[in-house]
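S.K.: Enclosed is the structure file structure_29.txt (compact mmCIF, C-alpha atoms and all ligand atoms).
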```
# COMPACT_ATOMS: atom_id res chain seq x y z
CA VAL A 67 95.82 -48.19 77.99
CA SER A 68 93.12 -50.76 78.62
CA PRO A 69 89.69 -49.53 79.70
CA ASP A 70 90.25 -51.37 82.99
CA ALA A 71 93.81 -50.23 83.64
CA PRO A 72 93.96 -48.63 87.10
CA ASP A 73 96.22 -45.83 85.93
CA GLU A 74 97.58 -44.50 82.72
CA LEU A 75 101.30 -44.71 82.27
CA PRO A 76 103.37 -41.72 83.44
CA ALA A 77 105.11 -41.92 80.05
CA THR A 78 101.83 -40.97 78.35
CA TYR A 79 101.65 -37.72 80.33
CA GLU A 80 105.35 -37.05 79.98
CA ARG A 81 104.93 -37.21 76.21
CA ARG A 82 101.86 -34.96 76.30
CA ILE A 83 103.56 -32.34 78.50
CA ALA A 84 106.59 -32.33 76.20
CA ARG A 85 104.33 -31.81 73.19
CA ALA A 86 102.49 -28.96 74.92
CA ARG A 87 105.81 -27.27 75.72
CA GLY A 88 106.91 -27.68 72.14
CA LEU A 89 103.86 -25.71 71.03
CA LEU A 90 104.50 -22.80 73.41
CA PRO A 91 106.50 -19.77 72.31
CA GLY A 92 109.47 -18.78 74.48
CA SER A 93 107.95 -16.35 76.97
CA ALA A 94 104.63 -18.16 77.31
CA ALA A 95 103.07 -20.43 79.89
CA LEU A 96 99.97 -22.54 80.05
CA LEU A 97 97.73 -21.82 83.03
CA LEU A 98 95.18 -24.60 83.25
CA GLY A 99 92.36 -24.78 85.74
CA LEU A 100 90.31 -27.93 86.25
CA GLY A 101 88.94 -29.30 83.01
CA ALA A 102 89.70 -31.50 80.07
CA ASP A 103 93.02 -29.84 79.15
CA LEU A 104 94.38 -30.31 82.68
CA ARG A 105 93.15 -33.89 82.78
CA TYR A 106 94.74 -34.61 79.40
CA LEU A 107 98.15 -33.34 80.53
CA THR A 108 98.22 -34.62 84.11
CA GLY A 109 95.39 -37.08 84.76
CA HIS A 110 94.20 -34.78 87.55
CA THR A 111 90.47 -34.28 87.72
CA ARG A 112 88.18 -32.87 90.40
CA TYR A 113 84.85 -31.11 90.45
CA ALA A 114 85.56 -27.47 89.52
CA THR A 115 84.55 -24.99 92.22
CA GLU A 116 85.49 -21.51 93.45
CA ARG A 117 88.71 -22.96 94.92
CA LEU A 118 91.52 -22.51 92.40
CA THR A 119 93.42 -25.49 91.05
CA MET A 120 95.99 -24.49 88.43
CA LEU A 121 98.73 -26.11 86.44
CA VAL A 122 101.55 -23.66 85.71
CA LEU A 123 103.38 -25.00 82.67
CA PRO A 124 106.05 -22.62 81.33
CA SER A 125 107.81 -23.30 78.05
CA ALA A 126 110.88 -24.23 80.13
CA GLY A 127 111.54 -24.87 83.81
CA PRO A 128 109.62 -26.60 86.58
CA VAL A 129 105.96 -27.48 86.22
CA THR A 130 103.70 -26.74 89.19
CA LEU A 131 100.23 -27.91 90.10
CA VAL A 132 98.72 -25.51 92.64
CA ALA A 133 95.84 -27.21 94.45
CA PRO A 134 93.71 -26.58 97.53
CA ARG A 135 95.04 -28.49 100.55
CA LEU A 136 91.98 -30.78 100.71
CA GLU A 137 92.62 -31.95 97.12
CA ALA A 138 96.41 -32.02 97.28
CA MET A 139 96.52 -35.73 98.17
CA ALA A 140 94.63 -36.53 94.97
CA ALA A 141 96.93 -34.23 93.00
CA ALA A 142 100.00 -35.88 94.50
CA ALA A 143 98.67 -39.32 93.51
CA THR A 144 98.49 -38.45 89.81
CA PRO A 145 101.09 -40.21 87.65
CA VAL A 146 102.78 -36.90 86.80
CA ALA A 147 103.24 -35.90 90.44
CA ALA A 148 104.17 -39.40 91.62
CA GLY A 149 106.66 -39.61 88.75
CA GLY A 150 108.28 -36.27 89.66
CA LEU A 151 107.23 -34.48 86.45
CA VAL A 152 105.08 -31.97 88.32
CA GLU A 153 105.51 -30.41 91.76
CA VAL A 154 102.28 -30.16 93.76
CA VAL A 155 101.96 -26.98 95.85
CA ALA A 156 99.06 -27.05 98.30
CA TRP A 157 97.39 -23.84 99.46
CA ASP A 158 95.57 -23.47 102.76
CA GLU A 159 92.12 -21.96 103.19
CA THR A 160 93.52 -18.59 104.35
CA GLU A 161 96.09 -18.32 101.56
CA ASP A 162 95.71 -16.61 98.19
CA PRO A 163 96.26 -19.22 95.47
CA VAL A 164 96.41 -16.55 92.77
CA ALA A 165 99.48 -15.02 94.45
CA ILE A 166 101.13 -18.45 94.49
CA VAL A 167 100.42 -18.90 90.78
CA ALA A 168 101.69 -15.38 90.01
CA ASP A 169 104.95 -16.02 91.91
CA ARG A 170 105.55 -19.25 90.01
CA ILE A 171 104.97 -17.54 86.68
CA MET A 172 107.24 -14.58 87.40
CA ALA A 173 109.96 -17.00 88.53
CA SER A 174 109.99 -18.78 85.19
CA VAL A 175 109.06 -16.37 82.40
CA ALA A 176 109.66 -12.80 81.25
CA ASP A 177 108.09 -9.65 82.73
CA THR A 178 105.40 -9.57 80.06
CA PRO A 179 104.58 -13.21 79.55
CA ARG A 180 101.94 -14.52 77.23
CA LEU A 181 99.66 -16.67 79.36
CA LEU A 182 97.27 -19.16 77.80
CA VAL A 183 94.32 -20.33 79.86
CA ASN A 184 91.78 -23.07 79.19
CA ALA A 185 88.60 -21.75 77.59
CA ASP A 186 86.43 -23.06 80.41
CA LEU A 187 88.42 -21.42 83.21
CA ARG A 188 86.04 -19.55 85.53
CA ALA A 189 85.83 -15.84 84.71
CA GLY A 190 86.42 -15.04 88.40
CA HIS A 191 89.72 -16.90 88.39
CA LEU A 192 90.84 -15.25 85.16
CA LEU A 193 89.99 -11.77 86.42
CA ALA A 194 91.97 -12.40 89.63
CA LEU A 195 94.95 -13.61 87.60
CA GLN A 196 94.78 -10.54 85.35
CA ALA A 197 94.77 -8.28 88.43
CA ALA A 198 97.75 -10.11 89.96
CA LEU A 199 99.75 -10.12 86.71
CA PRO A 200 99.21 -6.66 85.18
CA GLY A 201 102.11 -7.07 82.74
CA ALA A 202 100.84 -10.30 81.22
CA VAL A 203 98.95 -10.80 78.00
CA PHE A 204 96.22 -13.42 78.31
CA GLY A 205 94.81 -15.68 75.64
CA VAL A 206 92.93 -18.93 75.27
CA ASP A 207 94.96 -22.12 74.84
CA SER A 208 92.78 -23.41 72.03
CA GLU A 209 95.59 -23.69 69.45
CA VAL A 210 97.68 -25.75 71.86
CA SER A 211 94.82 -27.89 73.17
CA ARG A 212 93.43 -28.49 69.70
CA ALA A 213 96.77 -29.70 68.39
CA LEU A 214 97.16 -31.96 71.40
CA ARG A 215 93.69 -33.42 71.71
CA ILE A 216 92.06 -33.46 68.27
CA VAL A 217 93.82 -36.68 67.20
CA LYS A 218 93.25 -39.52 69.64
CA ASP A 219 95.88 -42.11 70.47
CA PRO A 220 94.98 -45.83 70.38
CA GLY A 221 94.35 -45.93 74.14
CA GLU A 222 91.89 -43.05 73.91
CA ILE A 223 90.08 -44.70 71.01
CA GLU A 224 89.72 -47.93 72.98
CA LEU A 225 88.16 -45.97 75.86
CA LEU A 226 85.74 -44.31 73.41
CA ARG A 227 84.90 -47.74 71.96
CA PHE A 228 84.36 -49.23 75.41
CA ALA A 229 82.00 -46.36 76.31
CA ALA A 230 80.20 -46.65 72.94
CA HIS A 231 79.53 -50.36 73.46
CA ALA A 232 78.30 -49.75 77.02
CA ALA A 233 75.86 -47.17 75.62
CA ASP A 234 74.75 -49.64 72.93
CA ARG A 235 73.88 -52.22 75.60
CA ALA A 236 72.11 -49.69 77.83
CA LEU A 237 69.99 -48.50 74.90
CA ALA A 238 69.08 -52.06 73.88
CA GLU A 239 67.95 -52.82 77.43
CA VAL A 240 65.76 -49.74 77.68
CA ALA A 241 64.33 -50.22 74.20
CA ALA A 242 63.24 -53.74 75.20
CA GLY A 243 60.50 -51.95 77.14
CA PRO A 244 58.13 -51.55 78.73
CA LEU A 245 57.80 -47.86 77.83
CA VAL A 246 54.07 -47.22 77.43
CA GLY A 247 52.55 -45.51 80.47
CA ARG A 248 55.89 -44.41 81.95
CA THR A 249 57.05 -40.81 82.12
CA GLU A 250 60.07 -39.59 80.20
CA ALA A 251 61.74 -38.82 83.54
CA GLU A 252 61.29 -42.41 84.77
CA VAL A 253 62.80 -43.80 81.56
CA SER A 254 65.64 -41.26 81.73
CA ARG A 255 66.47 -42.39 85.26
CA GLU A 256 66.52 -46.02 84.12
CA ILE A 257 68.88 -45.11 81.26
CA ARG A 258 71.29 -43.39 83.67
CA ASP A 259 71.36 -46.47 85.90
CA ARG A 260 71.90 -48.79 82.95
CA LEU A 261 74.71 -46.61 81.53
CA VAL A 262 76.59 -47.14 84.80
CA ASP A 263 75.61 -50.83 85.07
CA GLN A 264 77.04 -51.40 81.59
CA GLY A 265 80.45 -49.96 82.39
CA HIS A 266 80.40 -46.18 82.48
CA ASP A 267 81.84 -44.52 85.58
CA ALA A 268 79.02 -41.97 85.43
CA ALA A 269 76.02 -41.11 83.29
CA SER A 270 76.22 -37.69 81.62
CA PHE A 271 72.80 -37.26 80.01
CA ALA A 272 69.72 -39.24 79.02
CA ILE A 273 67.41 -37.35 76.67
CA VAL A 274 63.98 -38.95 76.30
CA GLY A 275 61.87 -36.97 73.81
CA SER A 276 58.49 -38.62 73.34
CA GLY A 277 56.03 -37.65 70.62
CA PRO A 278 56.19 -33.90 69.94
CA ASN A 279 59.00 -33.47 72.50
CA GLY A 280 61.31 -35.28 70.07
CA ALA A 281 61.19 -32.18 67.85
CA SER A 282 63.30 -30.33 70.45
CA PRO A 283 66.80 -31.80 70.01
CA HIS A 284 67.96 -31.10 73.58
CA HIS A 285 64.63 -31.81 75.27
CA GLU A 286 64.92 -32.43 79.02
CA ALA A 287 63.09 -35.60 80.03
CA GLY A 288 59.97 -34.49 81.84
CA ALA A 289 56.56 -35.51 83.17
CA ARG A 290 55.04 -36.45 79.82
CA VAL A 291 53.74 -40.04 79.75
CA ILE A 292 54.86 -42.16 76.77
CA ARG A 293 51.89 -43.43 74.75
CA SER A 294 51.48 -46.20 72.24
CA GLY A 295 51.67 -45.16 68.61
CA GLU A 296 54.38 -42.51 68.85
CA PRO A 297 58.15 -42.17 68.38
CA VAL A 298 60.68 -41.52 71.13
CA VAL A 299 64.12 -39.96 70.65
CA LEU A 300 66.68 -41.50 73.03
CA ASP A 301 70.03 -39.64 73.19
CA ILE A 302 72.24 -41.08 75.89
CA GLY A 303 75.81 -40.84 77.10
CA GLY A 304 78.20 -41.39 79.97
CA THR A 305 81.93 -41.42 80.60
CA ARG A 306 84.53 -44.12 81.08
CA ARG A 307 87.80 -42.85 82.56
CA GLY A 308 86.77 -39.42 81.29
CA TYR A 309 85.98 -40.48 77.71
CA GLY A 310 82.39 -40.09 76.55
CA SER A 311 79.73 -42.06 74.78
CA ASP A 312 76.98 -40.30 72.83
CA LEU A 313 74.36 -42.45 71.10
CA THR A 314 70.97 -41.57 69.63
CA ARG A 315 68.26 -43.80 68.26
CA THR A 316 64.67 -42.86 67.47
CA ILE A 317 62.34 -45.76 68.21
CA TRP A 318 58.64 -46.36 67.61
CA VAL A 319 56.50 -47.41 70.55
CA ALA A 320 53.76 -49.66 69.20
CA GLY A 321 52.25 -50.51 72.55
CA PRO A 322 49.70 -53.20 73.43
CA ASP A 323 47.26 -52.01 70.78
CA GLY A 324 50.00 -52.46 68.22
CA ARG A 325 49.83 -49.10 66.44
CA ARG A 326 52.42 -49.27 63.70
CA PRO A 327 54.61 -46.40 62.45
CA SER A 328 52.84 -43.93 60.22
CA ALA A 329 53.98 -43.72 56.62
CA GLU A 330 55.21 -40.17 57.20
CA PHE A 331 57.26 -41.09 60.24
CA SER A 332 58.76 -44.11 58.48
CA ALA A 333 59.76 -41.95 55.51
CA VAL A 334 61.41 -39.32 57.73
CA HIS A 335 63.23 -42.01 59.69
CA GLU A 336 64.47 -43.60 56.48
CA THR A 337 65.73 -40.23 55.20
CA VAL A 338 67.69 -39.62 58.40
CA ARG A 339 69.04 -43.19 58.34
CA ARG A 340 70.28 -42.75 54.78
CA ALA A 341 71.79 -39.32 55.56
CA GLN A 342 73.58 -40.73 58.60
CA ALA A 343 74.90 -43.70 56.60
CA ALA A 344 76.03 -41.52 53.69
CA ALA A 345 77.85 -39.04 55.92
CA THR A 346 79.54 -41.91 57.75
CA SER A 347 80.67 -43.47 54.45
CA ALA A 348 82.17 -40.13 53.42
CA VAL A 349 84.63 -40.14 56.34
CA ARG A 350 88.21 -40.52 55.19
CA PRO A 351 91.51 -38.70 55.75
CA GLY A 352 91.68 -35.45 53.80
CA ILE A 353 87.96 -34.71 53.51
CA ALA A 354 86.90 -31.39 55.05
CA ALA A 355 84.73 -31.58 58.18
CA GLY A 356 82.25 -29.29 56.44
CA ALA A 357 82.06 -31.64 53.46
CA VAL A 358 80.82 -34.47 55.68
CA ASP A 359 78.08 -32.15 56.94
CA ALA A 360 77.22 -31.33 53.32
CA VAL A 361 76.71 -35.01 52.46
CA ALA A 362 74.05 -35.43 55.15
CA ARG A 363 72.48 -32.03 54.46
CA ARG A 364 72.18 -32.57 50.71
CA LEU A 365 70.32 -35.85 51.20
CA ILE A 366 67.92 -34.35 53.75
CA SER A 367 67.37 -31.24 51.62
CA THR A 368 66.62 -33.36 48.56
CA ALA A 369 63.92 -35.12 50.61
CA GLY A 370 62.38 -31.69 51.30
CA HIS A 371 63.45 -31.38 54.94
CA GLY A 372 66.48 -29.06 54.68
CA PRO A 373 65.00 -26.30 56.91
CA GLU A 374 64.13 -28.92 59.54
CA PHE A 375 67.72 -30.15 59.92
CA ILE A 376 68.47 -27.40 62.42
CA HIS A 377 71.92 -28.33 63.73
CA ARG A 378 75.37 -29.34 62.50
CA THR A 379 76.00 -32.96 61.57
CA GLY A 380 78.40 -33.72 64.39
CA HIS A 381 80.97 -32.79 67.01
CA GLY A 382 84.25 -34.21 68.20
CA ILE A 383 84.26 -36.28 71.37
CA GLY A 384 86.93 -37.25 73.87
CA LEU A 385 87.51 -35.89 77.37
CA GLU A 386 84.72 -33.42 76.52
CA GLY A 387 81.33 -34.36 75.17
CA HIS A 388 81.62 -31.65 72.54
CA GLU A 389 85.08 -30.72 71.25
CA GLU A 390 86.86 -30.29 67.93
CA PRO A 391 86.43 -31.23 65.13
CA TYR A 392 82.98 -29.83 64.46
CA LEU A 393 81.24 -31.21 61.38
CA VAL A 394 79.59 -27.96 60.39
CA ALA A 395 79.09 -26.09 57.12
CA GLY A 396 82.12 -24.00 56.25
CA ASN A 397 84.61 -25.89 58.41
CA GLY A 398 87.55 -26.51 56.10
CA LEU A 399 89.49 -28.56 58.67
CA LEU A 400 90.69 -31.74 56.98
CA LEU A 401 89.93 -34.98 58.81
CA GLN A 402 92.92 -37.03 59.91
CA PRO A 403 93.25 -40.61 61.15
CA GLY A 404 92.49 -40.68 64.88
CA MET A 405 89.89 -37.92 64.90
CA ALA A 406 86.72 -39.03 66.71
CA PHE A 407 83.32 -37.39 66.31
CA SER A 408 79.59 -37.94 66.22
CA ILE A 409 77.56 -38.20 63.03
CA GLU A 410 74.02 -37.27 64.00
CA PRO A 411 71.74 -35.74 61.39
CA GLY A 412 68.13 -35.12 62.39
CA ILE A 413 64.79 -33.84 61.14
CA TYR A 414 62.55 -31.93 63.55
CA LEU A 415 58.89 -31.26 62.76
CA ALA A 416 57.83 -28.71 65.38
CA GLY A 417 54.83 -29.75 67.43
CA ARG A 418 54.78 -33.24 65.92
CA PHE A 419 57.92 -35.38 66.20
CA GLY A 420 61.65 -35.53 65.58
CA VAL A 421 64.10 -38.13 64.31
CA ARG A 422 67.83 -38.25 65.02
CA ILE A 423 70.32 -41.09 64.58
CA GLU A 424 73.78 -40.74 66.09
CA ASP A 425 76.93 -42.83 66.22
CA ILE A 426 80.50 -42.08 67.24
CA VAL A 427 82.91 -42.54 64.33
CA VAL A 428 86.70 -42.53 64.16
CA CYS A 429 88.48 -41.51 60.96
CA THR A 430 91.06 -44.14 59.96
CA ASP A 431 93.29 -44.69 56.92
CA ALA A 432 90.77 -47.35 55.87
CA GLY A 433 87.81 -44.96 56.22
CA PRO A 434 85.20 -44.75 58.98
CA ASP A 435 85.49 -46.90 62.10
CA VAL A 436 81.99 -46.82 63.61
CA LEU A 437 82.37 -47.37 67.34
CA ASN A 438 78.68 -48.04 68.02
CA GLU A 439 77.07 -51.36 67.13
CA ALA A 440 73.41 -50.53 67.81
CA PRO A 441 71.33 -51.27 64.68
CA HIS A 442 70.16 -48.35 62.53
CA GLU A 443 66.91 -49.82 61.22
CA LEU A 444 63.74 -48.48 62.84
CA LEU A 445 63.17 -50.35 66.08
CA VAL A 446 59.53 -50.97 66.96
CA VAL A 447 59.00 -51.52 70.69
CA GLU A 448 55.98 -53.67 71.46
CA GLY A 449 55.22 -52.45 74.96
ZN ZN B 1 73.82 -37.21 71.45
ZN ZN B 2 76.19 -35.75 70.02
```
As structure tokens, please, write out the structure in this file.
Ligand code: ZN
Ligand code: ZN

M.R.:
Amino acid sequence: VSPDAPDELPATYERRIARARGLLPGSAALLLGLGADLRYLTGHTRYATERLTMLVLPSAGPVTLVAPRLEAMAAAATPVAAGGLVEVVAWDETEDPVAIVADRIMASVADTPRLLVNADLRAGHLLALQAALPGAVFGVDSEVSRALRIVKDPGEIELLRFAAHAADRALAEVAAGPLVGRTEAEVSREIRDRLVDQGHDAASFAIVGSGPNGASPHHEAGARVIRSGEPVVLDIGGTRRGYGSDLTRTIWVAGPDGRRPSAEFSAVHETVRRAQAAATSAVRPGIAAGAVDAVARRLISTAGHGPEFIHRTGHGIGLEGHEEPYLVAGNGLLLQPGMAFSIEPGIYLAGRFGVRIEDIVVCTDAGPDVLNEAPHELLVVEG
């Protein structure tokens, strides 16, 4: 799959559906509403609303994609439907889609089937399904979806790399300035535009945390005006054919009066840079996800900032911005070639400033493959 290919190959989805079936016990079915799991198996993606879209994938027998009439053309155009792997059943505005789904399930599995839904299925849809299928036992499909999605294929990795490079370029453009005198919200809007200009299909987020706002890791860009002589945390991401970028750099805005980084800020930045580099170097097949977190945490703790590293070291990335594997203390999951995740340690000094550095990294047999190319050294912006 090239990042510019108009459509993925039907064979890719055929293989994925076969794998999903192989993971299902005999009397079970997957019931997938709109979301990453459905997109992974079929290529179908729409904005999730109160109208039910649902893939009915039993362990054997026909596969059905139930979709509202006004989205059925899009469903029929997916490679799986066009290739005859999945039958699209459209429902009209006055019909009950849950009854259609229930009929399809009872036609293909036992009286008391085990039904696995995606974790982000709307509660309203799940409750309606439970009412329509009183004999069924419901669960979350996480074991199936994890096994399918946690290791990326080469095409997925190239999409992640394409998105990472587009984010690198967008960040470099914004960091060229000017920044002084502009609000965080203005800069955030510019980042979103540049993420798309550089090759994303859509921007997902653009955190701009200036001065003390940088101490709040998920700060929403707001009305604060960026001043000279302060740091700014930029955490940006978009998607390319569904696959995300997620890049953070903390820059210093020197401004026209040329105020250089304080010694304290420089030291904190250097600690985070070293922690990020050390955790990245630790990536290899067979190391536990939690052990990578420990590498970054030990370095930051030794520097005296352990309590101020208030989040895990990283998260998987793919069709979702946050997915498995999670690089968090206690996670014994062993990394495998093809797993993709962020490495993003940070130090947050409440009321003063924060520093975070984040790349997307793929585990390979040869060690870490860092998808981002943005430099890690402290960038001082002159304007
Ligand atoms: Zn991020
Ligand atoms: Zn992240």

S.K.: Go through A:Val206, A:Leu97, A:Leu104, A:Leu365 one by one, measure the shortest atom-to-atom distance of each to Arg82 in chain A using all atoms listed in the file, and give the residue with the smallest value.

M.R.: A:Leu104

S.K.: Please check which protein, DNA or RNA residues sit within 10 Å of ligand ZN 1 (chain B), counting all atoms listed in the file, and write them as a count of residues only.

M.R.: 26

S.K.: Pick out the closest residue to ligand ZN 2 (chain B) from this set: A:Gly398, A:Pro434, A:Gly384, A:Gly99. Count all atoms listed in the file.

M.R.: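 Of the candidates, the smallest distance to ligand ZN 2 (chain B) is held by A:Gly384.
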
S.K.: Can you tell me, as a ChimeraX atom specification, what residues are no more than 10 Å from range 125-134 of chain A when counting all atoms listed in the file, ignoring any on the same chain fewer than 5 positions away?

M.R.: /A:83-84,86-100,104,108,110,117-120,139-142,146-147,150-159,161,163-164,166-167,170-171,173-175

S.K.: Which value, in Å to one decimal, gives the distance between CA of Phe419 in chain A and CA of Thr316 in chain A?

M.R.: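 For CA of Phe419 in chain A relative to CA of Thr316 in chain A, the distance reads 10.2 Å.
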
S.K.: May I ask which of the residues A:Leu393, A:Ala269, A:Ala369, A:Ala354 is the closest one to ligand ZN 2 (chain B), counting only C-alpha atoms and all ligand atoms?

M.R.: A:Leu393

S.K.: Take CA of Val427 in chain A and CA of Asn279 in chain A and report the distance between them in Å, one decimal.

M.R.: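 Between these atoms lies a distance of 26.8 Å.
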